[in-house]
>>> print(open('target.cif').read())   # mmCIF, C-alpha atoms; chains and numbers go by the auth columns
data_query
loop_
_atom_site.group_PDB
_atom_site.id
_atom_site.type_symbol
_atom_site.label_atom_id
_atom_site.label_comp_id
_atom_site.label_asym_id
_atom_site.label_seq_id
_atom_site.Cartn_x
_atom_site.Cartn_y
_atom_site.Cartn_z
_atom_site.B_iso_or_equiv
_atom_site.auth_seq_id
_atom_site.auth_asym_id
ATOM 1 C CA MET A 1 11.194 -18.906 9.106 0.00 1174 A
ATOM 2 C CA THR A 2 12.415 -17.149 5.989 0.00 1175 A
ATOM 3 C CA THR A 3 16.000 -17.192 4.793 0.00 1176 A
ATOM 4 C CA THR A 4 17.140 -14.565 2.310 0.00 1177 A
ATOM 5 C CA HIS A 5 20.658 -13.362 1.587 0.00 1178 A
ATOM 6 C CA GLY A 6 21.992 -15.442 4.466 0.00 1179 A
ATOM 7 C CA ARG A 7 19.557 -13.912 6.983 0.00 1180 A
ATOM 8 C CA THR A 8 16.921 -15.901 8.837 0.00 1181 A
ATOM 9 C CA ALA A 9 13.828 -14.218 10.193 0.00 1182 A
ATOM 10 C CA ASP A 10 10.487 -15.158 11.710 0.00 1183 A
ATOM 11 C CA ILE A 11 8.108 -13.050 9.575 0.00 1184 A
ATOM 12 C CA ARG A 12 4.444 -12.675 10.515 0.00 1185 A
ATOM 13 C CA ILE A 13 1.815 -10.916 8.381 0.00 1186 A
ATOM 14 C CA ARG A 14 -1.366 -9.831 10.162 0.00 1187 A
ATOM 15 C CA ALA A 15 -4.250 -7.424 9.726 0.00 1188 A
ATOM 16 C CA GLY A 16 -3.548 -3.917 10.945 0.00 1189 A
ATOM 17 C CA GLU A 17 -5.170 -2.815 14.191 0.00 1190 A
ATOM 18 C CA ILE A 18 -5.908 0.618 15.593 0.00 1191 A
ATOM 19 C CA LYS A 19 -2.929 0.222 17.924 0.00 1192 A
ATOM 20 C CA ASP A 20 -0.725 0.212 14.774 0.00 1193 A
ATOM 21 C CA ALA A 21 -1.669 3.779 13.769 0.00 1194 A
ATOM 22 C CA GLU A 22 1.570 5.300 15.074 0.00 1195 A
ATOM 23 C CA ALA A 23 3.712 2.716 13.292 0.00 1196 A
ATOM 24 C CA MET A 24 1.705 3.266 10.074 0.00 1197 A
ATOM 25 C CA HIS A 25 2.212 6.991 10.329 0.00 1198 A
ATOM 26 C CA GLY A 26 5.932 6.535 10.929 0.00 1199 A
ATOM 27 C CA ALA A 27 6.213 4.210 7.938 0.00 1200 A
ATOM 28 C CA ILE A 28 4.492 6.668 5.605 0.00 1201 A
ATOM 29 C CA GLN A 29 6.681 9.499 6.889 0.00 1202 A
ATOM 30 C CA ALA A 30 9.778 7.363 6.245 0.00 1203 A
ATOM 31 C CA MET A 31 8.492 6.570 2.760 0.00 1204 A
ATOM 32 C CA GLY A 32 8.021 10.278 2.075 0.00 1205 A
ATOM 33 C CA ARG A 33 11.549 11.041 3.262 0.00 1206 A
ATOM 34 C CA GLY A 34 12.950 8.210 1.152 0.00 1207 A
ATOM 35 C CA LEU A 35 11.295 9.633 -1.960 0.00 1208 A
ATOM 36 C CA ASP A 36 12.384 13.213 -1.139 0.00 1209 A
ATOM 37 C CA MET A 37 8.713 14.123 -0.672 0.00 1210 A
ATOM 38 C CA ALA A 38 8.472 14.432 3.111 0.00 1211 A
ATOM 39 C CA GLY A 39 6.625 17.757 2.790 0.00 1212 A
ATOM 40 C CA LYS A 40 3.779 16.068 0.935 0.00 1213 A
ATOM 41 C CA VAL A 41 2.949 13.786 3.882 0.00 1214 A
ATOM 42 C CA THR A 42 0.310 15.773 5.770 0.00 1215 A
ATOM 43 C CA CYS A 43 -1.577 12.945 7.480 0.00 1216 A
ATOM 44 C CA THR A 44 -1.610 12.484 11.246 0.00 1217 A
ATOM 45 C CA VAL A 45 -1.759 9.450 13.497 0.00 1218 A
ATOM 46 C CA ASP A 46 -5.372 10.404 14.250 0.00 1219 A
ATOM 47 C CA ASP A 47 -6.165 10.283 10.515 0.00 1220 A
ATOM 48 C CA TYR A 48 -5.097 6.638 10.464 0.00 1221 A
ATOM 49 C CA ARG A 49 -7.139 5.892 13.572 0.00 1222 A
ATOM 50 C CA ARG A 50 -10.214 7.691 12.245 0.00 1223 A
ATOM 51 C CA PHE A 51 -10.225 6.444 8.659 0.00 1224 A
ATOM 52 C CA GLY A 52 -8.521 3.048 8.851 0.00 1225 A
ATOM 53 C CA PHE A 53 -10.679 1.181 11.302 0.00 1226 A
ATOM 54 C CA GLY A 54 -14.304 0.524 12.148 0.00 1227 A
ATOM 55 C CA PRO A 55 -17.354 -0.191 10.001 0.00 1228 A
ATOM 56 C CA ASP A 56 -16.688 2.667 7.555 0.00 1229 A
ATOM 57 C CA ALA A 57 -12.915 2.209 7.230 0.00 1230 A
ATOM 58 C CA GLY A 58 -11.464 3.978 4.214 0.00 1231 A
ATOM 59 C CA PHE A 59 -8.636 1.485 3.837 0.00 1232 A
ATOM 60 C CA GLY A 60 -7.418 -1.893 4.949 0.00 1233 A
ATOM 61 C CA SER A 61 -3.964 -2.652 6.229 0.00 1234 A
ATOM 62 C CA LEU A 62 -1.541 -5.492 6.644 0.00 1235 A
ATOM 63 C CA ILE A 63 1.377 -5.334 9.041 0.00 1236 A
ATOM 64 C CA ALA A 64 4.589 -7.323 8.684 0.00 1237 A
ATOM 65 C CA GLU A 65 6.463 -8.137 11.857 0.00 1238 A
ATOM 66 C CA VAL A 66 9.882 -9.703 12.202 0.00 1239 A
ATOM 67 C CA GLU A 67 10.254 -11.414 15.547 0.00 1240 A
ATOM 68 C CA GLY A 68 7.486 -9.192 16.929 0.00 1241 A
ATOM 69 C CA GLU A 69 8.908 -5.901 15.605 0.00 1242 A
ATOM 70 C CA PHE A 70 7.122 -3.707 13.025 0.00 1243 A
ATOM 71 C CA ALA A 71 8.895 -4.306 9.713 0.00 1244 A
ATOM 72 C CA GLY A 72 6.473 -3.354 6.946 0.00 1245 A
ATOM 73 C CA LEU A 73 3.071 -2.152 5.900 0.00 1246 A
ATOM 74 C CA CYS A 74 0.596 -2.526 3.067 0.00 1247 A
ATOM 75 C CA LEU A 75 -2.311 -0.044 2.903 0.00 1248 A
ATOM 76 C CA PHE A 76 -5.017 -1.000 0.417 0.00 1249 A
ATOM 77 C CA PHE A 77 -8.659 -0.711 -0.457 0.00 1250 A
ATOM 78 C CA PRO A 78 -11.117 -2.764 -2.498 0.00 1251 A
ATOM 79 C CA ILE A 79 -11.942 -1.579 -6.015 0.00 1252 A
ATOM 80 C CA PHE A 80 -14.233 -2.767 -8.786 0.00 1253 A
ATOM 81 C CA SER A 81 -13.702 -2.994 -12.535 0.00 1254 A
ATOM 82 C CA THR A 82 -16.842 -2.215 -14.469 0.00 1255 A
ATOM 83 C CA TRP A 83 -15.165 -3.598 -17.607 0.00 1256 A
ATOM 84 C CA ARG A 84 -14.116 -6.871 -15.988 0.00 1257 A
ATOM 85 C CA GLY A 85 -17.229 -7.119 -13.825 0.00 1258 A
ATOM 86 C CA ARG A 86 -15.011 -8.183 -10.946 0.00 1259 A
ATOM 87 C CA PRO A 87 -13.681 -6.745 -7.708 0.00 1260 A
ATOM 88 C CA GLY A 88 -9.989 -6.227 -7.116 0.00 1261 A
ATOM 89 C CA VAL A 89 -7.638 -4.448 -4.767 0.00 1262 A
ATOM 90 C CA PHE A 90 -5.662 -1.220 -5.028 0.00 1263 A
ATOM 91 C CA VAL A 91 -2.409 -1.072 -3.078 0.00 1264 A
ATOM 92 C CA GLN A 92 -2.007 2.521 -1.946 0.00 1265 A
ATOM 93 C CA ASP A 93 1.245 2.119 -0.027 0.00 1266 A
ATOM 94 C CA LEU A 94 3.772 -0.667 0.376 0.00 1267 A
ATOM 95 C CA TYR A 95 6.582 -0.055 2.848 0.00 1268 A
ATOM 96 C CA VAL A 96 9.385 -2.183 4.243 0.00 1269 A
ATOM 97 C CA GLY A 97 11.774 -0.740 6.814 0.00 1270 A
ATOM 98 C CA ASP A 98 15.370 -0.378 5.636 0.00 1271 A
ATOM 99 C CA ARG A 99 16.804 -2.949 7.991 0.00 1272 A
ATOM 100 C CA PHE A 100 14.208 -5.537 6.957 0.00 1273 A
ATOM 101 C CA ARG A 101 14.758 -5.301 3.212 0.00 1274 A
ATOM 102 C CA GLY A 102 15.970 -8.414 1.489 0.00 1275 A
ATOM 103 C CA LEU A 103 13.792 -10.735 3.558 0.00 1276 A
ATOM 104 C CA GLY A 104 10.958 -10.962 1.017 0.00 1277 A
ATOM 105 C CA ILE A 105 8.566 -8.899 3.137 0.00 1278 A
ATOM 106 C CA GLY A 106 7.294 -6.731 0.262 0.00 1279 A
ATOM 107 C CA GLU A 107 6.523 -9.824 -1.767 0.00 1280 A
ATOM 108 C CA ARG A 108 4.806 -11.485 1.190 0.00 1281 A
ATOM 109 C CA LEU A 109 2.639 -8.401 1.778 0.00 1282 A
ATOM 110 C CA LEU A 110 1.630 -8.237 -1.904 0.00 1283 A
ATOM 111 C CA ARG A 111 0.821 -11.934 -2.019 0.00 1284 A
ATOM 112 C CA GLU A 112 -1.242 -11.623 1.155 0.00 1285 A
ATOM 113 C CA VAL A 113 -3.270 -8.655 -0.109 0.00 1286 A
ATOM 114 C CA ALA A 114 -3.852 -10.421 -3.443 0.00 1287 A
ATOM 115 C CA SER A 115 -5.087 -13.473 -1.505 0.00 1288 A
ATOM 116 C CA TRP A 116 -7.326 -11.209 0.594 0.00 1289 A
ATOM 117 C CA SER A 117 -8.903 -9.885 -2.601 0.00 1290 A
ATOM 118 C CA ARG A 118 -9.210 -13.306 -4.232 0.00 1291 A
ATOM 119 C CA ALA A 119 -11.049 -14.645 -1.166 0.00 1292 A
ATOM 120 C CA ARG A 120 -13.648 -11.911 -1.804 0.00 1293 A
ATOM 121 C CA GLY A 121 -14.052 -12.684 -5.520 0.00 1294 A
ATOM 122 C CA GLY A 122 -11.302 -10.354 -6.719 0.00 1295 A
ATOM 123 C CA ASP A 123 -9.214 -11.167 -9.736 0.00 1296 A
ATOM 124 C CA TYR A 124 -6.821 -8.239 -10.076 0.00 1297 A
ATOM 125 C CA LEU A 125 -4.468 -5.927 -8.203 0.00 1298 A
ATOM 126 C CA ARG A 126 -3.510 -2.385 -9.120 0.00 1299 A
ATOM 127 C CA LEU A 127 -0.924 -0.036 -7.700 0.00 1300 A
ATOM 128 C CA GLU A 128 1.108 2.994 -8.647 0.00 1301 A
ATOM 129 C CA VAL A 129 4.810 3.515 -8.091 0.00 1302 A
ATOM 130 C CA ASP A 130 7.038 6.561 -8.102 0.00 1303 A
ATOM 131 C CA VAL A 131 8.867 6.720 -11.444 0.00 1304 A
ATOM 132 C CA GLU A 132 12.239 6.877 -9.669 0.00 1305 A
ATOM 133 C CA ASN A 133 11.583 3.893 -7.399 0.00 1306 A
ATOM 134 C CA GLU A 134 13.353 1.342 -9.577 0.00 1307 A
ATOM 135 C CA PRO A 135 13.797 -1.350 -6.886 0.00 1308 A
ATOM 136 C CA ALA A 136 10.023 -1.446 -6.358 0.00 1309 A
ATOM 137 C CA GLN A 137 9.435 -1.552 -10.094 0.00 1310 A
ATOM 138 C CA ARG A 138 11.778 -4.544 -10.409 0.00 1311 A
ATOM 139 C CA LEU A 139 9.917 -6.339 -7.601 0.00 1312 A
ATOM 140 C CA TYR A 140 6.545 -5.693 -9.230 0.00 1313 A
ATOM 141 C CA GLN A 141 7.772 -6.848 -12.624 0.00 1314 A
ATOM 142 C CA ARG A 142 9.264 -10.024 -11.125 0.00 1315 A
ATOM 143 C CA LEU A 143 5.854 -10.767 -9.539 0.00 1316 A
ATOM 144 C CA GLY A 144 3.993 -10.210 -12.816 0.00 1317 A
ATOM 145 C CA ILE A 145 2.609 -6.796 -11.832 0.00 1318 A
ATOM 146 C CA THR A 146 3.147 -5.009 -15.127 0.00 1319 A
ATOM 147 C CA TRP A 147 3.279 -1.361 -16.096 0.00 1320 A
ATOM 148 C CA GLN A 148 0.133 -0.421 -17.964 0.00 1321 A
ATOM 149 C CA THR A 149 1.087 1.646 -21.008 0.00 1322 A
ATOM 150 C CA LYS A 150 -2.503 2.503 -21.946 0.00 1323 A
ATOM 151 C CA ASP A 151 -3.546 3.840 -18.534 0.00 1324 A
ATOM 152 C CA ARG A 152 -2.672 7.208 -17.099 0.00 1325 A
ATOM 153 C CA ALA A 153 -3.480 8.169 -13.525 0.00 1326 A
ATOM 154 C CA HIS A 154 -5.288 11.479 -13.052 0.00 1327 A
ATOM 155 C CA ALA A 155 -5.973 13.135 -9.712 0.00 1328 A
ATOM 156 C CA ALA A 156 -7.564 16.185 -8.121 0.00 1329 A
ATOM 157 C CA TYR A 157 -6.073 17.237 -4.770 0.00 1330 A
ATOM 158 C CA GLY A 158 -6.438 20.234 -2.491 0.00 1331 A
ATOM 159 C CA GLU A 159 -7.835 23.325 -4.207 0.00 1332 A
ATOM 160 C CA ALA A 160 -8.522 21.428 -7.436 0.00 1333 A
ATOM 161 C CA PHE A 161 -10.651 18.928 -5.488 0.00 1334 A
ATOM 162 C CA VAL A 162 -12.518 21.665 -3.640 0.00 1335 A
ATOM 163 C CA ALA A 163 -13.176 23.475 -6.924 0.00 1336 A
ATOM 164 C CA LEU A 164 -14.511 20.243 -8.394 0.00 1337 A
ATOM 165 C CA THR A 165 -16.981 19.840 -5.529 0.00 1338 A
ATOM 166 C CA GLU A 166 -18.064 23.479 -5.686 0.00 1339 A
ATOM 167 C CA GLY A 167 -19.247 23.095 -9.285 0.00 1340 A
ATOM 168 C CA LEU A 168 -22.410 21.541 -7.840 0.00 1341 A
ATOM 169 C CA LYS A 169 -23.435 24.652 -5.895 0.00 1342 A
ATOM 170 C CA ALA A 170 -25.008 26.486 -8.827 0.00 1343 A
#
>>> encode(input="target.cif", output="C-alpha cells")
Amino acid sequence: MTTTHGRTADIRIRAGEIKDAEAMHGAIQAMGRGLDMAGKVTCTVDDYRRFGFGPDAGFGSLIAEVEGEFAGLCLFFPIFSTWRGRPGVFVQDLYVGDRFRGLGIGERLLREVASWSRARGGDYLRLEVDVENEPAQRLYQRLGITWQTKDRAHAAYGEAFVALTEGLKA
C-alpha cells in the first residue's frame, strides 16, 4: 500500500505483456494529447504487439496497476556507453494516468527500470523530456536524473531517415 496526499492505493509494477498493447497505445495517445502533439503519434496497437514482444523485441515495458487497473507505463530499451564501458537503460516514454498522479507511480516505474538495468550490469539511465513538461523535470531532478548541458539530442525521422539510408545505394 502506498499513501500519498491522503490517498491510499495498492500499486503493482509488472513487466508488460502483449495483452497490454491497447493500453500502451492509449497511454501514448494520451501523452501526445497532453503535450499538444497528438498528430505526431502515428503508431498503432499492432506496432506495439509486433515490436514490443518476442525474441527480437525493440523495447521493454513496465506496467503500473492500481488495484488491478492500468495506471502507468514505462517504455525502455537497453543501451551501452562506449565511454563508460557499461550498459544502461534509455527510458523512451513514462506515462501516468491523470487520476493516478500523486501516488508516486512515476517514481516507482523509474526505480524499477533502473533496478532492471542494474541487475544486468547497467550503471546509468538516460531519458529525454519535453522542454515544457516542468512537472516531469521536477520529478527527474528530485530523483537525481540531471539535465545534461553538454549533450544535445539529434534525430533523423521520416524523409530524412530514408534519405540517410539511400546514401548507401551508390
>>> closest_residue(input="target.cif", among="A:Tyr1297, A:Trp1320, A:Phe1334, A:Tyr1313", to="Arg1257 of chain A", atoms="all atoms listed in the file")
A:Tyr1297
>>> closest_residue(input="target.cif", among="A:Leu1316, A:Met1204, A:Ala1326, A:Cys1247", to="Phe1232 of chain A", atoms="only C-alpha atoms")
A:Cys1247
>>> closest_residue(input="target.cif", among="A:Val1335, A:Leu1246, A:Ala1292, A:Ala1182", to="Gly1275 of chain A", atoms="only C-alpha atoms")
A:Ala1182
>>> closest_residue(input="target.cif", among="A:Gln1265, A:Ser1234, A:Gly1340, A:Glu1307", to="Ile1252 of chain A", atoms="only C-alpha atoms")
A:Gln1265
>>> closest_residue(input="target.cif", among="A:Gly1331, A:Gly1227, A:Gly1189, A:Gly1207", to="Phe1249 of chain A", atoms="all atoms listed in the file")
A:Gly1189
>>> closest_residue(input="target.cif", among="A:Tyr1330, A:Tyr1268, A:Phe1273, A:Trp1256", to="Ile1184 of chain A", atoms="all atoms listed in the file")
A:Phe1273
>>> axis_aligned_box(input="target.cif", around="segment 1284-1298 of chain A", padding_each_side="4 Å", output="AutoDock Vina command-line options")
--center_x -6.6 --center_y -10.3 --center_z -4.5 --size_x 22.9 --size_y 16.7 --size_z 19.2
>>> atom_distance(input="target.cif", atom1="atom CA of Gly1261 of chain A", atom2="atom CA of His1198 of chain A")
25.1 Å
>>> atom_distance(input="target.cif", atom1="atom CA of Pro1228 of chain A", atom2="atom CA of Arg1284 of chain A")
24.8 Å
>>> residues_near_point(input="target.cif", point="(2.9, 5.3, 13.8)", cutoff="12 Å", atoms="all atoms listed in the file", output="PyMOL selection string")
chain A and resi 1189-1203+1216-1222+1236+1243+1245-1246
>>> resolve_selection(input="target.cif", expression="the PyMOL selection byres ((chain A and resi 1185) around 7)", output="PyMOL selection string")
chain A and resi 1183-1184+1186-1187+1237-1239
>>> atom_distance(input="target.cif", atom1="atom CA of Thr1338 of chain A", atom2="atom CA of Gly1212 of chain A")
25.1 Å
>>> resolve_selection(input="target.cif", expression="the PyMOL selection byres ((chain A and resi 1290) around 12)", output="VMD selection string")
chain A and resid 1233 1249 to 1253 1259 to 1264 1283 to 1289 1291 to 1299
>>> residues_around(input="target.cif", residues="Arg1274 of chain A", least_positions_apart="3", cutoff="12 Å", atoms="all atoms listed in the file", output="compact mmCIF listing (two decimals) with C-alpha atoms, keeping the file's coordinate frame")
# COMPACT_ATOMS: atom_id res chain seq x y z
CA THR A 1177 17.14 -14.56 2.31
CA HIS A 1178 20.66 -13.36 1.59
CA ARG A 1180 19.56 -13.91 6.98
CA ALA A 1182 13.83 -14.22 10.19
CA ALA A 1237 4.59 -7.32 8.68
CA VAL A 1239 9.88 -9.70 12.20
CA ALA A 1244 8.90 -4.31 9.71
CA GLY A 1245 6.47 -3.35 6.95
CA TYR A 1268 6.58 -0.06 2.85
CA VAL A 1269 9.38 -2.18 4.24
CA GLY A 1270 11.77 -0.74 6.81
CA ASP A 1271 15.37 -0.38 5.64
CA GLY A 1277 10.96 -10.96 1.02
CA ILE A 1278 8.57 -8.90 3.14
CA GLY A 1279 7.29 -6.73 0.26
CA GLU A 1280 6.52 -9.82 -1.77
CA ARG A 1281 4.81 -11.48 1.19
CA PRO A 1308 13.80 -1.35 -6.89
CA ALA A 1309 10.02 -1.45 -6.36
CA LEU A 1312 9.92 -6.34 -7.60
>>> residues_around(input="target.cif", residues="Gln1321 of chain A", least_positions_apart="2", cutoff="12 Å", atoms="all atoms listed in the file", output="JSON, numbers by chain")
{"A": [1299, 1300, 1301, 1302, 1314, 1317, 1318, 1319, 1323, 1324, 1325, 1326]}
>>> decode(input="target.cif", residues="segment 1189-1208 of chain A", atoms="N, CA, C and O atoms", output="PDB file, in the first residue's frame")
ATOM      1  N   GLY A1189       5.428  -5.590 -18.916  1.00  0.00           N
ATOM      2  CA  GLY A1189       4.358  -5.509 -19.901  1.00  0.00           C
ATOM      3  C   GLY A1189       4.213  -6.830 -20.636  1.00  0.00           C
ATOM      4  O   GLY A1189       5.176  -7.584 -20.798  1.00  0.00           O
ATOM      5  N   GLU A1190       2.983  -7.104 -21.065  1.00  0.00           N
ATOM      6  CA  GLU A1190       2.679  -8.314 -21.824  1.00  0.00           C
ATOM      7  C   GLU A1190       1.950  -7.903 -23.093  1.00  0.00           C
ATOM      8  O   GLU A1190       1.392  -6.817 -23.182  1.00  0.00           O
ATOM      9  N   ILE A1191       1.926  -8.789 -24.065  1.00  0.00           N
ATOM     10  CA  ILE A1191       1.303  -8.477 -25.342  1.00  0.00           C
ATOM     11  C   ILE A1191      -0.154  -8.044 -25.172  1.00  0.00           C
ATOM     12  O   ILE A1191      -0.648  -7.199 -25.918  1.00  0.00           O
ATOM     13  N   LYS A1192      -0.817  -8.563 -24.158  1.00  0.00           N
ATOM     14  CA  LYS A1192      -2.204  -8.184 -23.901  1.00  0.00           C
ATOM     15  C   LYS A1192      -2.335  -6.711 -23.490  1.00  0.00           C
ATOM     16  O   LYS A1192      -3.430  -6.162 -23.500  1.00  0.00           O
ATOM     17  N   ASP A1193      -1.206  -6.059 -23.137  1.00  0.00           N
ATOM     18  CA  ASP A1193      -1.208  -4.662 -22.727  1.00  0.00           C
ATOM     19  C   ASP A1193      -1.066  -3.692 -23.895  1.00  0.00           C
ATOM     20  O   ASP A1193      -1.058  -2.469 -23.690  1.00  0.00           O
ATOM     21  N   ALA A1194      -0.948  -4.197 -25.116  1.00  0.00           N
ATOM     22  CA  ALA A1194      -0.682  -3.331 -26.273  1.00  0.00           C
ATOM     23  C   ALA A1194      -1.718  -2.227 -26.433  1.00  0.00           C
ATOM     24  O   ALA A1194      -1.368  -1.084 -26.727  1.00  0.00           O
ATOM     25  N   GLU A1195      -2.988  -2.533 -26.243  1.00  0.00           N
ATOM     26  CA  GLU A1195      -4.018  -1.497 -26.378  1.00  0.00           C
ATOM     27  C   GLU A1195      -3.874  -0.427 -25.311  1.00  0.00           C
ATOM     28  O   GLU A1195      -4.006   0.767 -25.599  1.00  0.00           O
ATOM     29  N   ALA A1196      -3.606  -0.825 -24.082  1.00  0.00           N
ATOM     30  CA  ALA A1196      -3.423   0.152 -23.007  1.00  0.00           C
ATOM     31  C   ALA A1196      -2.179   1.004 -23.261  1.00  0.00           C
ATOM     32  O   ALA A1196      -2.187   2.218 -23.019  1.00  0.00           O
ATOM     33  N   MET A1197      -1.105   0.389 -23.767  1.00  0.00           N
ATOM     34  CA  MET A1197       0.111   1.141 -24.110  1.00  0.00           C
ATOM     35  C   MET A1197      -0.196   2.191 -25.162  1.00  0.00           C
ATOM     36  O   MET A1197       0.194   3.352 -25.036  1.00  0.00           O
ATOM     37  N   HIS A1198      -0.889   1.751 -26.190  1.00  0.00           N
ATOM     38  CA  HIS A1198      -1.244   2.660 -27.281  1.00  0.00           C
ATOM     39  C   HIS A1198      -2.091   3.820 -26.753  1.00  0.00           C
ATOM     40  O   HIS A1198      -1.847   4.989 -27.080  1.00  0.00           O
ATOM     41  N   GLY A1199      -3.062   3.517 -25.926  1.00  0.00           N
ATOM     42  CA  GLY A1199      -3.900   4.557 -25.343  1.00  0.00           C
ATOM     43  C   GLY A1199      -3.104   5.529 -24.498  1.00  0.00           C
ATOM     44  O   GLY A1199      -3.351   6.747 -24.521  1.00  0.00           O
ATOM     45  N   ALA A1200      -2.138   5.010 -23.745  1.00  0.00           N
ATOM     46  CA  ALA A1200      -1.301   5.865 -22.901  1.00  0.00           C
ATOM     47  C   ALA A1200      -0.463   6.817 -23.752  1.00  0.00           C
ATOM     48  O   ALA A1200      -0.364   8.010 -23.446  1.00  0.00           O
ATOM     49  N   ILE A1201       0.118   6.302 -24.815  1.00  0.00           N
ATOM     50  CA  ILE A1201       0.957   7.153 -25.674  1.00  0.00           C
ATOM     51  C   ILE A1201       0.092   8.191 -26.394  1.00  0.00           C
ATOM     52  O   ILE A1201       0.493   9.342 -26.549  1.00  0.00           O
ATOM     53  N   GLN A1202      -1.107   7.803 -26.804  1.00  0.00           N
ATOM     54  CA  GLN A1202      -2.011   8.782 -27.404  1.00  0.00           C
ATOM     55  C   GLN A1202      -2.371   9.874 -26.395  1.00  0.00           C
ATOM     56  O   GLN A1202      -2.393  11.057 -26.738  1.00  0.00           O
ATOM     57  N   ALA A1203      -2.648   9.493 -25.162  1.00  0.00           N
ATOM     58  CA  ALA A1203      -2.964  10.476 -24.120  1.00  0.00           C
ATOM     59  C   ALA A1203      -1.774  11.389 -23.859  1.00  0.00           C
ATOM     60  O   ALA A1203      -1.933  12.599 -23.669  1.00  0.00           O
ATOM     61  N   MET A1204      -0.571  10.823 -23.874  1.00  0.00           N
ATOM     62  CA  MET A1204       0.629  11.629 -23.685  1.00  0.00           C
ATOM     63  C   MET A1204       0.758  12.658 -24.812  1.00  0.00           C
ATOM     64  O   MET A1204       1.039  13.833 -24.572  1.00  0.00           O
ATOM     65  N   GLY A1205       0.531  12.209 -26.038  1.00  0.00           N
ATOM     66  CA  GLY A1205       0.590  13.115 -27.182  1.00  0.00           C
ATOM     67  C   GLY A1205      -0.416  14.248 -27.060  1.00  0.00           C
ATOM     68  O   GLY A1205      -0.102  15.413 -27.320  1.00  0.00           O
ATOM     69  N   ARG A1206      -1.639  13.904 -26.657  1.00  0.00           N
ATOM     70  CA  ARG A1206      -2.665  14.941 -26.472  1.00  0.00           C
ATOM     71  C   ARG A1206      -2.252  15.921 -25.371  1.00  0.00           C
ATOM     72  O   ARG A1206      -2.415  17.128 -25.509  1.00  0.00           O
ATOM     73  N   GLY A1207      -1.715  15.390 -24.289  1.00  0.00           N
ATOM     74  CA  GLY A1207      -1.307  16.227 -23.166  1.00  0.00           C
ATOM     75  C   GLY A1207      -0.185  17.186 -23.504  1.00  0.00           C
ATOM     76  O   GLY A1207      -0.055  18.238 -22.883  1.00  0.00           O
ATOM     77  N   LEU A1208       0.624  16.840 -24.485  1.00  0.00           N
ATOM     78  CA  LEU A1208       1.729  17.695 -24.917  1.00  0.00           C
ATOM     79  C   LEU A1208       1.374  18.509 -26.162  1.00  0.00           C
ATOM     80  O   LEU A1208       2.248  19.101 -26.777  1.00  0.00           O
TER      81      LEU A1208
END
